$ cat final_25.pdb   # PDB, C-alpha atoms
ATOM      1  CA  MET A   1       5.711  26.829 -52.794
ATOM      2  CA  THR A   2       4.176  29.765 -54.692
ATOM      3  CA  ALA A   3       6.709  29.360 -57.513
ATOM      4  CA  THR A   4       5.950  25.640 -57.736
ATOM      5  CA  ARG A   5       2.201  26.310 -57.806
ATOM      6  CA  SER A   6       2.553  28.833 -60.647
ATOM      7  CA  CYS A   7       4.865  26.537 -62.555
ATOM      8  CA  LEU A   8       2.468  23.612 -62.233
ATOM      9  CA  LYS A   9      -0.315  25.879 -63.551
ATOM     10  CA  ARG A  10       1.864  26.912 -66.498
ATOM     11  CA  TYR A  11       2.641  23.268 -67.187
ATOM     12  CA  LEU A  12      -1.020  22.236 -67.155
ATOM     13  CA  GLU A  13      -1.822  25.020 -69.630
ATOM     14  CA  SER A  14       1.111  24.190 -71.889
ATOM     15  CA  ASP A  15       1.350  21.797 -74.820
ATOM     16  CA  SER A  16       3.626  19.569 -72.745
ATOM     17  CA  PHE A  17       0.631  18.421 -70.699
ATOM     18  CA  ARG A  18      -1.233  15.625 -72.406
ATOM     19  CA  GLY A  19      -3.650  14.800 -69.615
ATOM     20  CA  GLY A  20      -3.507  12.208 -66.898
ATOM     21  CA  LEU A  21      -0.883  12.030 -64.208
ATOM     22  CA  VAL A  22       2.140  14.312 -64.289
ATOM     23  CA  GLY A  23       5.510  12.716 -63.566
ATOM     24  CA  ILE A  24       7.537  14.772 -61.093
ATOM     25  CA  SER A  25      10.614  14.407 -63.284
ATOM     26  CA  GLU A  26       8.841  15.983 -66.256
ATOM     27  CA  LEU A  27       7.538  18.806 -64.082
ATOM     28  CA  SER A  28      10.962  19.319 -62.562
ATOM     29  CA  ASN A  29      12.492  19.648 -66.051
ATOM     30  CA  PHE A  30       9.722  22.010 -67.121
ATOM     31  CA  CYS A  31      10.177  24.224 -64.052
ATOM     32  CA  GLY A  32      13.985  23.976 -64.039
ATOM     33  CA  VAL A  33      13.973  22.974 -60.370
ATOM     34  CA  LYS A  34      15.747  20.058 -58.730
ATOM     35  CA  GLN A  35      13.313  17.168 -58.393
ATOM     36  CA  SER A  36      13.775  16.737 -54.642
ATOM     37  CA  ASN A  37      13.239  20.450 -53.999
ATOM     38  CA  LEU A  38      10.145  20.450 -56.175
ATOM     39  CA  TYR A  39       8.860  17.395 -54.304
ATOM     40  CA  LYS A  40       9.118  19.275 -50.982
ATOM     41  CA  ASP A  41       6.707  21.921 -52.299
ATOM     42  CA  LEU A  42       4.422  19.306 -53.818
ATOM     43  CA  VAL A  43       4.109  17.615 -50.415
ATOM     44  CA  GLU A  44       2.979  20.983 -49.061
ATOM     45  CA  LEU A  45       0.474  21.457 -51.918
ATOM     46  CA  GLN A  46      -0.872  17.998 -51.165
ATOM     47  CA  ARG A  47      -1.172  18.885 -47.471
ATOM     48  CA  ILE A  48      -3.426  21.853 -48.300
ATOM     49  CA  GLY A  49      -5.520  19.721 -50.639
ATOM     50  CA  GLU A  50      -4.552  21.201 -54.023
ATOM     51  CA  ILE A  51      -2.931  18.151 -55.544
ATOM     52  CA  GLN A  52      -2.603  14.479 -54.872
ATOM     53  CA  ILE A  53       0.760  12.716 -55.045
ATOM     54  CA  VAL A  54       0.274   9.283 -56.545
ATOM     55  CA  GLU A  55       2.802   6.484 -56.070
ATOM     56  CA  ARG A  56       3.532   3.670 -58.511
ATOM     57  CA  TYR A  57       5.540   0.623 -57.478
ATOM     58  CA  TRP A  58       8.001  -1.381 -59.556
ATOM     59  CA  CYS A  59       9.965  -4.541 -58.857
ATOM     60  CA  PRO A  60      13.757  -4.472 -59.479
ATOM     61  CA  GLU A  61      13.051  -5.910 -62.970
ATOM     62  CA  SER A  62      10.833  -2.898 -63.708
ATOM     63  CA  HIS A  63       7.534  -4.780 -63.604
ATOM     64  CA  SER A  64       4.602  -2.933 -62.136
ATOM     65  CA  VAL A  65       3.601  -4.346 -58.738
ATOM     66  CA  SER A  66       0.920  -3.460 -56.242
ATOM     67  CA  ARG A  67       1.481  -1.297 -53.184
ATOM     68  CA  PRO A  68       2.944  -3.496 -50.444
ATOM     69  CA  ASP A  69       0.788  -4.093 -47.423
ATOM     70  CA  ILE A  70       1.932  -1.847 -44.588
ATOM     71  CA  ASN A  71       2.301  -4.834 -42.276
ATOM     72  CA  ASP A  72       3.981  -6.981 -44.891
ATOM     73  CA  ASN A  73       7.567  -6.274 -45.756
ATOM     74  CA  SER A  74       7.304  -7.936 -49.144
ATOM     75  CA  VAL A  75       5.345  -7.859 -52.371
ATOM     76  CA  PHE A  76       4.796 -10.538 -54.995
ATOM     77  CA  CYS A  77       5.676  -9.843 -58.632
ATOM     78  CA  GLU A  78       3.530 -12.002 -60.910
ATOM     79  CA  GLU A  79       5.821 -11.552 -63.913
ATOM     80  CA  CYS A  80       8.973 -12.552 -62.039
ATOM     81  CA  ASN A  81       7.031 -15.078 -59.952
ATOM     82  CA  LEU A  82       9.072 -13.838 -57.008
ATOM     83  CA  LYS A  83       8.464 -12.138 -53.711
ATOM     84  CA  TYR A  84      10.504  -8.968 -53.162
ATOM     85  CA  SER A  85      11.289  -7.109 -49.971
ATOM     86  CA  SER A  86       9.710  -3.666 -49.990
ATOM     87  CA  ASN A  87      13.228  -2.259 -49.717
ATOM     88  CA  ASP A  88      13.943  -3.631 -53.209
ATOM     89  CA  LEU A  89      10.980  -1.871 -54.784
ATOM     90  CA  ILE A  90      11.264   1.323 -56.774
ATOM     91  CA  ILE A  91       8.621   3.972 -56.124
ATOM     92  CA  GLU A  92       7.771   6.597 -58.728
ATOM     93  CA  PHE A  93       5.844   9.742 -57.894
ATOM     94  CA  TYR A  94       3.208  11.452 -60.015
ATOM     95  CA  ILE A  95       0.901  14.393 -59.479
ATOM     96  CA  TYR A  96      -2.830  14.509 -59.871
ATOM     97  CA  PRO A  97      -4.211  18.082 -59.731
ATOM     98  CA  LEU A  98      -7.374  18.203 -57.619
ATOM     99  CA  PRO A  99     -10.448  20.404 -58.421
ATOM    100  CA  LYS A 100      -9.350  22.943 -55.789
ATOM    101  CA  PHE A 101      -6.132  23.472 -57.747
ATOM    102  CA  ILE A 102      -7.876  23.693 -61.124
ATOM    103  CA  THR A 103     -10.234  26.338 -59.652
ATOM    104  CA  HIS A 104      -7.198  28.429 -58.740
ATOM    105  CA  LYS A 105      -6.313  28.501 -62.430
ATOM    106  CA  HIS A 106      -9.176  30.808 -63.335
TER     107      HIS A 106
ATOM    108  CA  MET B   1      42.527   8.715 -38.707
ATOM    109  CA  VAL B   2      40.398   5.895 -40.079
ATOM    110  CA  LYS B   3      40.934   2.217 -39.608
ATOM    111  CA  ASN B   4      41.119  -0.971 -41.602
ATOM    112  CA  GLY B   5      40.529   0.051 -45.175
ATOM    113  CA  PHE B   6      37.482   2.201 -44.526
ATOM    114  CA  SER B   7      38.399   4.534 -47.389
ATOM    115  CA  ASP B   8      38.604   1.734 -49.965
ATOM    116  CA  GLN B   9      35.450   0.108 -48.666
ATOM    117  CA  ILE B  10      33.298   3.256 -48.651
ATOM    118  CA  LEU B  11      34.589   4.602 -51.959
ATOM    119  CA  GLU B  12      33.871   1.274 -53.645
ATOM    120  CA  TYR B  13      30.421   1.108 -52.024
ATOM    121  CA  ILE B  14      29.526   4.632 -53.152
ATOM    122  CA  ASP B  15      30.845   4.075 -56.662
ATOM    123  CA  LYS B  16      28.856   0.854 -57.047
ATOM    124  CA  SER B  17      25.694   2.340 -55.525
ATOM    125  CA  LYS B  18      25.886   5.392 -57.779
ATOM    126  CA  LYS B  19      26.054   3.185 -60.884
ATOM    127  CA  ILE B  20      23.038   1.144 -59.759
ATOM    128  CA  ASP B  21      21.011   4.220 -58.755
ATOM    129  CA  SER B  22      21.886   6.000 -61.958
ATOM    130  CA  ARG B  23      20.489   3.069 -63.984
ATOM    131  CA  ILE B  24      17.354   3.085 -61.807
ATOM    132  CA  LEU B  25      16.835   6.799 -62.400
ATOM    133  CA  GLU B  26      17.189   6.312 -66.141
ATOM    134  CA  ALA B  27      14.429   3.713 -66.136
ATOM    135  CA  HIS B  28      12.365   5.354 -63.384
ATOM    136  CA  PRO B  29      13.002   9.099 -63.504
ATOM    137  CA  ASN B  30      10.167   9.872 -61.077
ATOM    138  CA  SER B  31      11.828   8.003 -58.235
ATOM    139  CA  PHE B  32      14.233   9.027 -55.478
ATOM    140  CA  ASN B  33      17.454   7.579 -54.169
ATOM    141  CA  CYS B  34      20.632   8.943 -52.571
ATOM    142  CA  LEU B  35      21.875  10.135 -55.957
ATOM    143  CA  ASN B  36      19.151  12.713 -56.594
ATOM    144  CA  THR B  37      18.381  13.794 -53.020
ATOM    145  CA  PHE B  38      21.740  15.202 -52.030
ATOM    146  CA  THR B  39      23.345  18.508 -53.024
ATOM    147  CA  LEU B  40      27.126  18.579 -53.129
ATOM    148  CA  GLY B  41      27.203  21.939 -54.916
ATOM    149  CA  ASP B  42      30.433  23.707 -53.981
ATOM    150  CA  GLY B  43      32.237  20.484 -53.043
ATOM    151  CA  TYR B  44      32.134  20.877 -49.243
ATOM    152  CA  ILE B  45      34.045  24.184 -49.159
ATOM    153  CA  ASP B  46      32.604  25.242 -45.777
ATOM    154  CA  GLU B  47      32.972  21.774 -44.318
ATOM    155  CA  LYS B  48      36.645  21.714 -45.304
ATOM    156  CA  ILE B  49      37.173  24.944 -43.357
ATOM    157  CA  ASP B  50      35.382  23.448 -40.338
ATOM    158  CA  LEU B  51      37.551  20.332 -40.570
ATOM    159  CA  LEU B  52      40.655  22.494 -40.497
ATOM    160  CA  ASN B  53      39.327  24.329 -37.431
ATOM    161  CA  ILE B  54      38.700  21.034 -35.686
ATOM    162  CA  LYS B  55      42.191  19.791 -36.483
ATOM    163  CA  ASN B  56      43.747  23.047 -35.309
ATOM    164  CA  SER B  57      41.659  23.157 -32.157
ATOM    165  CA  SER B  58      42.764  19.668 -31.182
ATOM    166  CA  LYS B  59      46.361  20.939 -31.255
ATOM    167  CA  SER B  60      45.490  24.064 -29.281
ATOM    168  CA  SER B  61      44.980  23.734 -25.557
ATOM    169  CA  LYS B  62      43.211  27.110 -25.453
ATOM    170  CA  LYS B  63      39.872  25.810 -26.658
ATOM    171  CA  THR B  64      37.453  24.376 -24.121
ATOM    172  CA  THR B  65      35.649  21.066 -24.618
ATOM    173  CA  LYS B  66      32.488  23.064 -25.340
ATOM    174  CA  GLN B  67      34.213  25.122 -28.052
ATOM    175  CA  ARG B  68      35.608  21.964 -29.626
ATOM    176  CA  GLY B  69      32.114  20.448 -29.480
ATOM    177  CA  ASN B  70      30.728  23.524 -31.223
ATOM    178  CA  ASP B  71      33.286  23.164 -34.030
ATOM    179  CA  LEU B  72      32.165  19.595 -34.658
ATOM    180  CA  GLU B  73      28.483  20.555 -34.444
ATOM    181  CA  SER B  74      29.048  23.263 -37.030
ATOM    182  CA  LEU B  75      30.540  20.725 -39.435
ATOM    183  CA  ILE B  76      27.832  18.132 -38.861
ATOM    184  CA  LYS B  77      25.099  20.740 -39.223
ATOM    185  CA  LYS B  78      26.445  21.821 -42.632
ATOM    186  CA  ILE B  79      26.858  18.341 -44.007
ATOM    187  CA  PHE B  80      23.405  17.124 -42.916
ATOM    188  CA  ARG B  81      21.829  20.268 -44.392
ATOM    189  CA  ARG B  82      22.880  19.033 -47.807
ATOM    190  CA  LEU B  83      20.220  16.324 -47.599
ATOM    191  CA  ASP B  84      17.378  17.637 -49.757
ATOM    192  CA  LEU B  85      14.558  15.739 -48.080
ATOM    193  CA  ILE B  86      15.013  17.397 -44.704
ATOM    194  CA  SER B  87      12.282  19.922 -43.917
ATOM    195  CA  SER B  88      13.819  21.422 -40.841
ATOM    196  CA  PHE B  89      17.053  21.257 -39.022
ATOM    197  CA  GLU B  90      17.564  22.351 -35.478
ATOM    198  CA  VAL B  91      20.811  22.676 -33.637
ATOM    199  CA  THR B  92      19.561  22.476 -30.118
ATOM    200  CA  GLY B  93      22.701  22.342 -27.999
ATOM    201  CA  ARG B  94      20.372  22.490 -25.042
ATOM    202  CA  ASP B  95      17.937  20.413 -23.037
ATOM    203  CA  THR B  96      15.001  19.170 -25.057
ATOM    204  CA  ALA B  97      12.225  16.743 -24.230
ATOM    205  CA  LEU B  98      14.699  14.037 -25.190
ATOM    206  CA  GLY B  99      17.465  15.397 -23.017
ATOM    207  CA  GLN B 100      20.658  17.106 -24.110
ATOM    208  CA  ILE B 101      20.817  16.505 -27.849
ATOM    209  CA  ASP B 102      22.879  18.452 -30.353
ATOM    210  CA  ILE B 103      21.003  18.083 -33.614
ATOM    211  CA  ASN B 104      17.402  17.358 -34.464
ATOM    212  CA  LEU B 105      16.468  16.654 -38.083
ATOM    213  CA  VAL B 106      12.914  16.577 -39.389
ATOM    214  CA  PRO B 107      12.440  14.827 -42.757
ATOM    215  CA  ILE B 108       9.616  15.966 -45.057
ATOM    216  CA  ASN B 109       8.219  12.444 -44.918
ATOM    217  CA  ASN B 110       9.414   8.837 -44.867
ATOM    218  CA  ILE B 111      11.008   8.944 -48.334
ATOM    219  CA  LEU B 112      14.288   9.975 -46.754
ATOM    220  CA  PHE B 113      14.293   6.703 -44.813
ATOM    221  CA  ASP B 114      13.404   4.797 -48.000
ATOM    222  CA  THR B 115      16.520   6.192 -49.685
ATOM    223  CA  TRP B 116      18.551   4.866 -46.746
ATOM    224  CA  GLY B 117      17.127   1.329 -47.116
ATOM    225  CA  MET B 118      14.761   1.699 -44.154
ATOM    226  CA  ARG B 119      11.441   1.167 -45.908
ATOM    227  CA  ASN B 120       8.741   0.135 -43.452
ATOM    228  CA  GLU B 121      10.899   0.817 -40.431
ATOM    229  CA  TYR B 122      10.332   4.466 -39.841
ATOM    230  CA  PRO B 123      11.568   6.210 -36.701
ATOM    231  CA  ILE B 124       9.717   9.212 -35.288
ATOM    232  CA  SER B 125      12.765  11.451 -35.213
ATOM    233  CA  ILE B 126      16.407  11.787 -36.212
ATOM    234  CA  ILE B 127      18.865  13.018 -33.648
ATOM    235  CA  GLY B 128      22.593  13.579 -33.675
ATOM    236  CA  GLU B 129      25.118  13.869 -30.897
ATOM    237  CA  CYS B 130      28.629  15.208 -31.381
ATOM    238  CA  LYS B 131      31.523  14.523 -29.010
ATOM    239  CA  ASN B 132      34.767  16.233 -29.865
ATOM    240  CA  TYR B 133      37.197  15.351 -27.094
ATOM    241  CA  THR B 134      40.904  15.818 -27.657
ATOM    242  CA  ASP B 135      42.158  12.883 -25.653
ATOM    243  CA  GLU B 136      39.131  11.053 -24.334
ATOM    244  CA  LYS B 137      37.172   8.513 -26.295
ATOM    245  CA  ALA B 138      33.370   8.452 -26.232
ATOM    246  CA  SER B 139      32.572   6.178 -23.335
ATOM    247  CA  ARG B 140      29.876   3.776 -22.263
ATOM    248  CA  PRO B 141      27.932   6.137 -19.933
ATOM    249  CA  GLU B 142      27.470   8.572 -22.833
ATOM    250  CA  ILE B 143      26.235   5.792 -25.069
ATOM    251  CA  GLU B 144      23.822   4.660 -22.351
ATOM    252  CA  LYS B 145      22.325   8.165 -22.297
ATOM    253  CA  SER B 146      22.085   8.068 -26.071
ATOM    254  CA  CYS B 147      20.280   4.721 -25.959
ATOM    255  CA  TRP B 148      17.746   6.161 -23.538
ATOM    256  CA  ARG B 149      17.168   9.182 -25.813
ATOM    257  CA  ALA B 150      16.786   6.930 -28.847
ATOM    258  CA  CYS B 151      14.153   4.877 -26.981
ATOM    259  CA  LYS B 152      12.354   7.924 -25.617
ATOM    260  CA  GLY B 153      12.181   9.699 -28.983
ATOM    261  CA  ARG B 154      11.893   6.494 -31.073
ATOM    262  CA  ALA B 155      14.827   7.975 -32.898
ATOM    263  CA  LEU B 156      17.371   7.109 -35.494
ATOM    264  CA  SER B 157      20.383   8.384 -33.616
ATOM    265  CA  PHE B 158      23.721   9.374 -35.118
ATOM    266  CA  PHE B 159      26.591   9.502 -32.660
ATOM    267  CA  ILE B 160      29.673  11.299 -33.961
ATOM    268  CA  ALA B 161      32.940  11.121 -32.031
ATOM    269  CA  LYS B 162      36.655  10.971 -32.699
ATOM    270  CA  ASP B 163      36.953   7.540 -31.134
ATOM    271  CA  TYR B 164      35.095   5.083 -28.929
ATOM    272  CA  THR B 165      36.082   2.897 -25.981
ATOM    273  CA  ALA B 166      35.583  -0.841 -26.457
ATOM    274  CA  ASP B 167      32.820  -0.731 -23.813
ATOM    275  CA  ALA B 168      31.029   2.043 -25.661
ATOM    276  CA  LEU B 169      30.961   0.003 -28.867
ATOM    277  CA  LYS B 170      29.800  -3.058 -26.941
ATOM    278  CA  GLU B 171      26.946  -1.011 -25.522
ATOM    279  CA  ILE B 172      25.889   0.212 -28.977
ATOM    280  CA  GLY B 173      26.009  -3.368 -30.252
ATOM    281  CA  TYR B 174      23.932  -4.609 -27.339
ATOM    282  CA  PHE B 175      21.342  -1.881 -27.876
ATOM    283  CA  ASN B 176      21.080  -2.368 -31.635
ATOM    284  CA  HIS B 177      20.729  -6.148 -31.269
ATOM    285  CA  GLN B 178      18.531  -6.274 -28.195
ATOM    286  CA  LYS B 179      16.306  -3.214 -28.616
ATOM    287  CA  GLY B 180      13.286  -5.441 -29.383
ATOM    288  CA  ALA B 181      13.635  -7.019 -25.967
ATOM    289  CA  ILE B 182      14.158  -3.657 -24.283
ATOM    290  CA  PHE B 183      11.121  -1.786 -25.562
ATOM    291  CA  HIS B 184       8.042  -2.497 -27.614
ATOM    292  CA  ASP B 185       7.921  -0.032 -30.514
ATOM    293  CA  PHE B 186      11.462  -0.044 -31.881
ATOM    294  CA  SER B 187      10.813   0.476 -35.596
ATOM    295  CA  GLY B 188      13.619   2.544 -37.120
ATOM    296  CA  VAL B 189      15.375   2.979 -33.775
ATOM    297  CA  LEU B 190      19.102   2.514 -34.146
ATOM    298  CA  ILE B 191      22.307   3.998 -32.794
ATOM    299  CA  VAL B 192      24.634   4.726 -35.709
ATOM    300  CA  PRO B 193      28.196   5.401 -34.580
ATOM    301  CA  MET B 194      30.415   7.464 -36.872
ATOM    302  CA  THR B 195      33.881   8.906 -36.460
ATOM    303  CA  LEU B 196      35.226  12.251 -37.503
ATOM    304  CA  GLY B 197      37.846  10.370 -39.538
ATOM    305  CA  MET B 198      35.113   8.694 -41.601
ATOM    306  CA  ILE B 199      33.431  12.021 -42.303
ATOM    307  CA  GLU B 200      36.816  13.449 -43.278
ATOM    308  CA  VAL B 201      37.190  10.723 -45.931
ATOM    309  CA  ILE B 202      33.761  11.605 -47.339
ATOM    310  CA  ILE B 203      34.568  15.325 -47.442
ATOM    311  CA  ASP B 204      38.103  14.940 -48.832
ATOM    312  CA  ASN B 205      36.822  12.745 -51.652
ATOM    313  CA  ASN B 206      33.758  14.928 -52.360
ATOM    314  CA  CYS B 207      31.550  11.880 -51.846
ATOM    315  CA  ASN B 208      27.782  11.890 -51.558
ATOM    316  CA  PHE B 209      27.216  11.983 -47.784
ATOM    317  CA  SER B 210      23.790  10.363 -48.097
ATOM    318  CA  TYR B 211      25.407   7.130 -49.344
ATOM    319  CA  PHE B 212      27.729   7.186 -46.345
ATOM    320  CA  VAL B 213      24.691   7.511 -44.047
ATOM    321  CA  LYS B 214      23.058   4.581 -45.841
ATOM    322  CA  TRP B 215      26.212   2.486 -45.508
ATOM    323  CA  SER B 216      26.522   3.392 -41.809
ATOM    324  CA  ILE B 217      22.921   2.415 -41.110
ATOM    325  CA  GLN B 218      23.329  -0.917 -42.902
ATOM    326  CA  ASN B 219      26.558  -1.659 -41.060
ATOM    327  CA  SER B 220      25.181  -0.612 -37.665
ATOM    328  CA  ARG B 221      22.380  -3.190 -37.807
ATOM    329  CA  ASN B 222      24.848  -6.050 -37.433
ATOM    330  CA  MET B 223      27.558  -3.818 -35.964
ATOM    331  CA  SER B 224      30.046  -4.672 -38.696
ATOM    332  CA  ILE B 225      30.733  -0.923 -38.585
ATOM    333  CA  VAL B 226      32.882  -1.689 -35.508
ATOM    334  CA  ASN B 227      35.573  -2.947 -37.888
ATOM    335  CA  TYR B 228      35.987   0.588 -39.165
ATOM    336  CA  LEU B 229      35.675   2.594 -35.919
TER     337      LEU B 229
END
$ encode --input "final_25.pdb" --output "structure tokens"
Amino acid sequence: MTATRSCLKRYLESDSFRGGLVGISELSNFCGVKQSNLYKDLVELQRIGEIQIVERYWCPESHSVSRPDINDNSVFCEECNLKYSSNDLIIEFYIYPLPKFITHKH
Amino acid sequence: MVKNGFSDQILEYIDKSKKIDSRILEAHPNSFNCLNTFTLGDGYIDEKIDLLNIKNSSKSSKKTTKQRGNDLESLIKKIFRRLDLISSFEVTGRDTALGQIDINLVPINNILFDTWGMRNEYPISIIGECKNYTDEKASRPEIEKSCWRACKGRALSFFIAKDYTADALKEIGYFNHQKGAIFHDFSGVLIVPMTLGMIEVIIDNNCNFSYFVKWSIQNSRNMSIVNYL
């Protein structure tokens, strides 16, 4: 987790960071770590309140859709005009560094 | 030994799934599926040694049932450890709160279940039981115990044996179909039967084990997996 924290700091200070959310794929390439292994550490950083992992949902046709209701197993895509099972959705993960993390930088 | 075209079926399934998931990862690189959450690395070198040990031990009468069970546990432990989204892995081999279970897997969160097509049906735990008998098939009383443990731990339960009696498979089918009538909170609870022969096909072909797990889960829901056991 320490290596991931330092790498995320380096990334945020680098020219690669252009503000906003950080895609875990970009961070994984930057750090040279397998995405799933990086994600494990990010979950831990989120648990201690340093970052927030943000999810974005896409229908199988790559249209952005809202987060499915936890009790509803489907979500409606306005562009496709179709209802999809949550199992068909693609979830992408991004990182949002929280103030606690930014403080660590200095 | 595997039955009824399992090899063709699983290899085709994995090949097709890999193509689909690869396209998804191109368009959505920040996502996860079986393709980017499994580490094959050395190509199952250690597992191949374990498989050989298991084959040799079944020919040797010197090994006890417990030793043969340990050989299978060792193999299963190694192959499940290749799943990246597991946070801890315990080989219990002893009495736990759930009874005598062999393997207890703790995923980092529910994303592992998402990659296996189980979104919104999340179990509380993942357990595995290994039965490595030389002559005997896994029988109904053992499956009944497994069903109880799955209920008690609200678990996704993998049962790995060389073979199953017809009654044992019937019991798994009954449980997987009727669990909603048996107990209230059954989300993600499922008994997934696998055979050593199936795992051998995955190892011999250097296949992504996570896809095999996904296939097994899908085919255990309606018990079409029976055709290959």
$ closest_atom_pairs --input "final_25.pdb" --of "chain A" --to "chain B" --cutoff "7 Å" --atoms "all atoms listed in the file" --output "JSON lines"
{"residue": "A:Gly23", "atom": "CA", "partner": "B:Asn30", "partner_atom": "CA", "distance": 6.0}
{"residue": "A:Ile24", "atom": "CA", "partner": "B:Asn30", "partner_atom": "CA", "distance": 5.6}
{"residue": "A:Ser25", "atom": "CA", "partner": "B:Asn30", "partner_atom": "CA", "distance": 5.1}
{"residue": "A:Ser36", "atom": "CA", "partner": "B:Thr37", "partner_atom": "CA", "distance": 5.7}
{"residue": "A:Asn37", "atom": "CA", "partner": "B:Asp84", "partner_atom": "CA", "distance": 6.6}
{"residue": "A:Lys40", "atom": "CA", "partner": "B:Ile108", "partner_atom": "CA", "distance": 6.8}
{"residue": "A:Asn73", "atom": "CA", "partner": "B:Asn120", "partner_atom": "CA", "distance": 6.9}
{"residue": "A:Ser86", "atom": "CA", "partner": "B:Arg119", "partner_atom": "CA", "distance": 6.6}
{"residue": "A:Asn87", "atom": "CA", "partner": "B:Arg119", "partner_atom": "CA", "distance": 5.4}
{"residue": "A:Ile90", "atom": "CA", "partner": "B:Ser31", "partner_atom": "CA", "distance": 6.9}
{"residue": "A:Ile91", "atom": "CA", "partner": "B:Ser31", "partner_atom": "CA", "distance": 5.6}
{"residue": "A:Glu92", "atom": "CA", "partner": "B:Ser31", "partner_atom": "CA", "distance": 4.3}
{"residue": "A:Phe93", "atom": "CA", "partner": "B:Asn30", "partner_atom": "CA", "distance": 5.4}
$ resolve_selection --input "final_25.pdb" --expression "the PyMOL selection byres ((chain B and resi 69) around 10)" --output "PyMOL selection string"
chain B and resi 54+63-68+70-74+93+102+129-133+161
$ write_last_selection --input "final_25.pdb" --atoms "C-alpha atoms" --output "mmCIF file, in the coordinates of the input"
data_model
loop_
_atom_site.group_PDB
_atom_site.id
_atom_site.type_symbol
_atom_site.label_atom_id
_atom_site.label_comp_id
_atom_site.auth_asym_id
_atom_site.auth_seq_id
_atom_site.Cartn_x
_atom_site.Cartn_y
_atom_site.Cartn_z
ATOM 1 C CA ILE B 54 38.700 21.034 -35.686
ATOM 2 C CA LYS B 63 39.872 25.810 -26.658
ATOM 3 C CA THR B 64 37.453 24.376 -24.121
ATOM 4 C CA THR B 65 35.649 21.066 -24.618
ATOM 5 C CA LYS B 66 32.488 23.064 -25.340
ATOM 6 C CA GLN B 67 34.213 25.122 -28.052
ATOM 7 C CA ARG B 68 35.608 21.964 -29.626
ATOM 8 C CA ASN B 70 30.728 23.524 -31.223
ATOM 9 C CA ASP B 71 33.286 23.164 -34.030
ATOM 10 C CA LEU B 72 32.165 19.595 -34.658
ATOM 11 C CA GLU B 73 28.483 20.555 -34.444
ATOM 12 C CA SER B 74 29.048 23.263 -37.030
ATOM 13 C CA GLY B 93 22.701 22.342 -27.999
ATOM 14 C CA ASP B 102 22.879 18.452 -30.353
ATOM 15 C CA GLU B 129 25.118 13.869 -30.897
ATOM 16 C CA CYS B 130 28.629 15.208 -31.381
ATOM 17 C CA LYS B 131 31.523 14.523 -29.010
ATOM 18 C CA ASN B 132 34.767 16.233 -29.865
ATOM 19 C CA TYR B 133 37.197 15.351 -27.094
ATOM 20 C CA ALA B 161 32.940 11.121 -32.031
#
$ resolve_selection --input "final_25.pdb" --expression "the PyMOL selection byres ((chain B and resi 7) around 12)" --output "count of residues only"
27
$ residues_around --input "final_25.pdb" --residues "Gly128 in chain B" --least-positions-apart "5" --cutoff "8 Å" --atoms "all atoms listed in the file" --output "ChimeraX atom specification"
/B:101-104,157-160
$ closest_residue --input "final_25.pdb" --among "A:Arg18, A:Pro60, A:Leu12, A:Ser85" --to "Asp72 in chain A" --atoms "all atoms listed in the file"
A:Ser85
$ residues_around --input "final_25.pdb" --residues "Leu27 in chain A" --least-positions-apart "4" --cutoff "8 Å" --atoms "all atoms listed in the file" --output "list in words"
Leu8, Tyr11, Val22, Gly23 and Cys31 of chain A
$ write_last_selection --input "final_25.pdb" --atoms "C-alpha atoms" --output "compact mmCIF listing (two decimals), keeping the file's coordinate frame"
# COMPACT_ATOMS: atom_id res chain seq x y z
CA LEU A 8 2.47 23.61 -62.23
CA TYR A 11 2.64 23.27 -67.19
CA VAL A 22 2.14 14.31 -64.29
CA GLY A 23 5.51 12.72 -63.57
CA CYS A 31 10.18 24.22 -64.05
$ atom_distance --input "final_25.pdb" --atom1 "CA of Glu61 in chain A" --atom2 "CA of Leu89 in chain A"
9.4 Å
$ residues_around --input "final_25.pdb" --residues "Thr2 in chain A" --least-positions-apart "2" --cutoff "12 Å" --atoms "only C-alpha atoms" --output "list of chain:residue names"
A:Thr4, A:Arg5, A:Ser6, A:Cys7, A:Leu8, A:Lys9, A:Leu38, A:Asp41, A:Leu42, A:Glu44, A:Leu45
$ closest_residue --input "final_25.pdb" --among "B:Cys151, B:Ile172, B:Ala138, B:Leu75" --to "Asn53 in chain B" --atoms "only C-alpha atoms"
B:Leu75
$ atom_distance --input "final_25.pdb" --atom1 "CA of Thr165 in chain B" --atom2 "CA of Leu51 in chain B"
22.8 Å
$ atom_distance --input "final_25.pdb" --atom1 "CA of Ile53 in chain A" --atom2 "CA of Ile95 in chain A"
4.7 Å
$ resolve_selection --input "final_25.pdb" --expression "the PyMOL selection byres ((chain B and resi 187) around 10)" --output "PyMOL selection string"
chain B and resi 118+120-124+154-156+179-180+184-186+188-190
$ residues_around --input "final_25.pdb" --residues "His63 in chain A" --least-positions-apart "2" --cutoff "9 Å" --atoms "all atoms listed in the file" --output "PDB file with C-alpha atoms, in the coordinates of the input"
ATOM      1  CA  TYR A  57       5.540   0.623 -57.478  1.00  0.00           C
ATOM      2  CA  TRP A  58       8.001  -1.381 -59.556  1.00  0.00           C
ATOM      3  CA  CYS A  59       9.965  -4.541 -58.857  1.00  0.00           C
ATOM      4  CA  PRO A  60      13.757  -4.472 -59.479  1.00  0.00           C
ATOM      5  CA  GLU A  61      13.051  -5.910 -62.970  1.00  0.00           C
ATOM      6  CA  VAL A  65       3.601  -4.346 -58.738  1.00  0.00           C
ATOM      7  CA  CYS A  77       5.676  -9.843 -58.632  1.00  0.00           C
ATOM      8  CA  GLU A  78       3.530 -12.002 -60.910  1.00  0.00           C
ATOM      9  CA  GLU A  79       5.821 -11.552 -63.913  1.00  0.00           C
ATOM     10  CA  CYS A  80       8.973 -12.552 -62.039  1.00  0.00           C
TER      11      CYS A  80
END
